[in-house]
Amino acid sequence: YDVISQFSYKLLMSENHPLAAVPDVDVSSLSPYTEIAHADPFIPAMPASEVQRMGITAHTDKRIYVFERASQLDLLSNNHDTFMWVSPLPEYVLKMYGLVEKTCDFPSNRYIDILIYKKDYLLSEYDKMFIDEIVKFKPKKAIDDM
C-alpha cells in the first residue's frame with residue numbers, strides 16, 4: 001500500500017457562522033446547529049450504527065443529508081447555522097464559498113487515505129505517475145494535522 005494522506009476531520013462552516021471566530025470548537029457547542037451530512041455512509045466499510053457508536057454524528061439531532069458536494073457547500077455558505085465534517089479542503093475552495101475550517105477534537109478523529117494493491121504487484125510507471133498526481137493535489141495542511 002501507499003499512504004496518500006493523513007488527516008483529522010475539520011468542521012466546515014460559513015465565515016459568518018456564530019462559531020467561526022472560536023479557535024478550537026468544543027464538540028458540545030455544536031448541538032444548537034444543523035449538520036450537513038453526506039447522504040451515503042461516512043465510512044463505506046462500516047455500518048452506520050457503528051459510525052454513530054464512534055461518536056462522529058452524536059453531537060446534534062439536526063441533520064440535512066445531501067449527496068452532492070457543491071450543494072453541500074452552497075448550503076453551508078448560505079445558511080450560517082450549519083456545519084459539516086470534512087477532510088481538509090484547498091484554500092481556494094474555502095475562499096470561493098466564504099467558508100472556514102475549524103479544529104474540533106473528538107475520539108477517533110484520525111484518518112489515513114491509502115492506495116491498496118496486491119503485495120506482489122509491481123507498480124507501472126503510469127501507476128507511479130497516478131500516485132504522484134494524487135499526492136501533489138492533496139491539501140498540504142492535512143499532513144500537518146498528524
# chains A, B, ... in the order shown; residues from 1 in each chain; ligands from 1
>>> residues_around(residues="A:Asp127", least_positions_apart="5", cutoff="12 Å", atoms="only C-alpha atoms", output="NGL selection string")
:A and (2 or 115-117 or 121-122 or 132-134)
>>> select_by_dssp(residues="stretch 81-110 of chain A", states="alpha helix (DSSP H)", output="PyMOL selection string")
chain A and resi 91-97
>>> write_last_selection(atoms="N, CA, C and O atoms", output="CSV table (one decimal), in the first residue's frame")
chain,number,residue,atom,x,y,z
A,91,GLU,N,-7.5,25.9,0.0
A,91,GLU,CA,-7.8,27.2,0.4
A,91,GLU,C,-8.7,27.9,-0.6
A,91,GLU,O,-9.6,28.7,-0.3
A,92,TYR,N,-8.5,27.7,-1.9
A,92,TYR,CA,-9.3,28.3,-3.0
A,92,TYR,C,-10.8,27.9,-2.8
A,92,TYR,O,-11.7,28.8,-3.1
A,93,VAL,N,-11.1,26.7,-2.4
A,93,VAL,CA,-12.5,26.3,-2.2
A,93,VAL,C,-13.1,27.1,-1.1
A,93,VAL,O,-14.3,27.6,-1.1
A,94,LEU,N,-12.4,27.2,0.0
A,94,LEU,CA,-12.9,27.9,1.2
A,94,LEU,C,-13.2,29.4,0.8
A,94,LEU,O,-14.2,29.9,1.2
A,95,LYS,N,-12.3,30.0,0.1
A,95,LYS,CA,-12.5,31.4,-0.3
A,95,LYS,C,-13.7,31.5,-1.3
A,95,LYS,O,-14.5,32.5,-1.2
A,96,MET,N,-13.8,30.6,-2.2
A,96,MET,CA,-14.8,30.7,-3.2
A,96,MET,C,-16.2,30.6,-2.6
A,96,MET,O,-17.1,31.3,-3.0
A,97,TYR,N,-16.4,29.9,-1.5
A,97,TYR,CA,-17.7,29.7,-0.9
A,97,TYR,C,-17.8,30.5,0.4
A,97,TYR,O,-18.9,30.5,1.1
>>> atom_distance(atom1="atom CA of A:His59", atom2="atom CA of A:Cys104")
11.5 Å
>>> closest_residue(among="A:His38, A:Val22, A:Glu125, A:Ser31", to="A:Ala70", atoms="only C-alpha atoms")
A:His38
>>> residues_around(residues="A:Glu101", least_positions_apart="5", cutoff="8 Å", atoms="only C-alpha atoms", output="JSON, numbers by chain")
{"A": [10, 11, 12, 13, 88, 94]}
>>> write_last_selection(atoms="N, CA, C and O atoms", output="PDB file, in the first residue's frame")
ATOM      1  N   LYS A  10     -12.179  18.193   9.974  1.00  0.00           N
ATOM      2  CA  LYS A  10     -12.353  19.581  10.400  1.00  0.00           C
ATOM      3  C   LYS A  10     -13.836  19.922  10.342  1.00  0.00           C
ATOM      4  O   LYS A  10     -14.601  19.289   9.611  1.00  0.00           O
ATOM      5  N   LEU A  11     -14.209  20.926  11.087  1.00  0.00           N
ATOM      6  CA  LEU A  11     -15.551  21.485  10.954  1.00  0.00           C
ATOM      7  C   LEU A  11     -15.496  22.509   9.832  1.00  0.00           C
ATOM      8  O   LEU A  11     -14.605  23.346   9.793  1.00  0.00           O
ATOM      9  N   LEU A  12     -16.441  22.432   8.935  1.00  0.00           N
ATOM     10  CA  LEU A  12     -16.542  23.397   7.852  1.00  0.00           C
ATOM     11  C   LEU A  12     -17.810  24.190   8.082  1.00  0.00           C
ATOM     12  O   LEU A  12     -18.866  23.614   8.357  1.00  0.00           O
ATOM     13  N   MET A  13     -17.695  25.520   8.007  1.00  0.00           N
ATOM     14  CA  MET A  13     -18.856  26.380   8.250  1.00  0.00           C
ATOM     15  C   MET A  13     -18.667  27.708   7.542  1.00  0.00           C
ATOM     16  O   MET A  13     -17.558  28.045   7.105  1.00  0.00           O
ATOM     17  N   PRO A  88      -9.570  18.063   5.189  1.00  0.00           N
ATOM     18  CA  PRO A  88      -9.149  19.428   4.825  1.00  0.00           C
ATOM     19  C   PRO A  88      -9.341  19.739   3.344  1.00  0.00           C
ATOM     20  O   PRO A  88      -9.078  18.909   2.480  1.00  0.00           O
ATOM     21  N   LEU A  94     -12.362  27.191   0.034  1.00  0.00           N
ATOM     22  CA  LEU A  94     -12.851  27.937   1.195  1.00  0.00           C
ATOM     23  C   LEU A  94     -13.177  29.376   0.813  1.00  0.00           C
ATOM     24  O   LEU A  94     -14.237  29.900   1.159  1.00  0.00           O
TER      25      LEU A  94
END
